[in-house]
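Remarks on the structure that follows.
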Amino acid sequence: MGSRGAFIDLESFDFVEGGQHYHKIGVLSTNPNVIIVYQDSNSVKAPEFSHTAGRIYAVVKDGVLKHLAYYDEKHQQAVSIDFCHPHKKVQPHRHVHMSHNKNDPGISPTPEELKLANRIKKEFNLK
């Protein structure tokens, strides 16, 4: 699938992609389409592709929610919410269709996206 494309190991339910490993640590109780994954590599990136269309991955590292990534019907990342750092002084901020151009405007997450992030943080005791 290319770099950072999510694959699932059906034996361990781990996501392996381009040298990065994501371990499934849970599913949001109110929305089984939201998969909580822990990344064990040094870099923190949301997967570019999902094994399942319409899925949402919450990427966690060291007890902190780092990304929410939404996937379209083609299994490609449609929106990524980045909680790690500001973009154009906006934090958290969203990227649409994998565009991380420094000239892109800083776009705040929608109220629905923030509500989902807060629900994930609460249910999984994340920062």
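Identifiers in the structure tokens: chain A, B, ... in order shown; residue index from 1 per chain; ligand index from 1 in order shown.
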Tell me, as a ChimeraX atom specification, which residues lie within 10 Å of Pro32 (chain A), counting only C-alpha atoms; anything in the same chain fewer than 5 positions away does not count. /A:26-27,55-56
Skipping near chain neighbours, those fewer than 3 positions away, what residues fall within 10 Å of Ala78 (chain A) using only C-alpha atoms, listed as a ChimeraX atom specification? /A:48-49,54,69-75,95-99
Between CA of Lys89 (chain A) and CA of Tyr22 (chain A) - distance in Å to one decimal: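 Spanning CA of Tyr22 (chain A) to CA of Lys89 (chain A) is a straight-line distance of 28.8 Å.
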Run DSSP on the backbone and grab whatever in region 27-89 of chain A lands in strand (DSSP E or B); send it over as number ranges by chain. A: 27, 34-39, 49, 56-61, 64-71, 76-82, 87
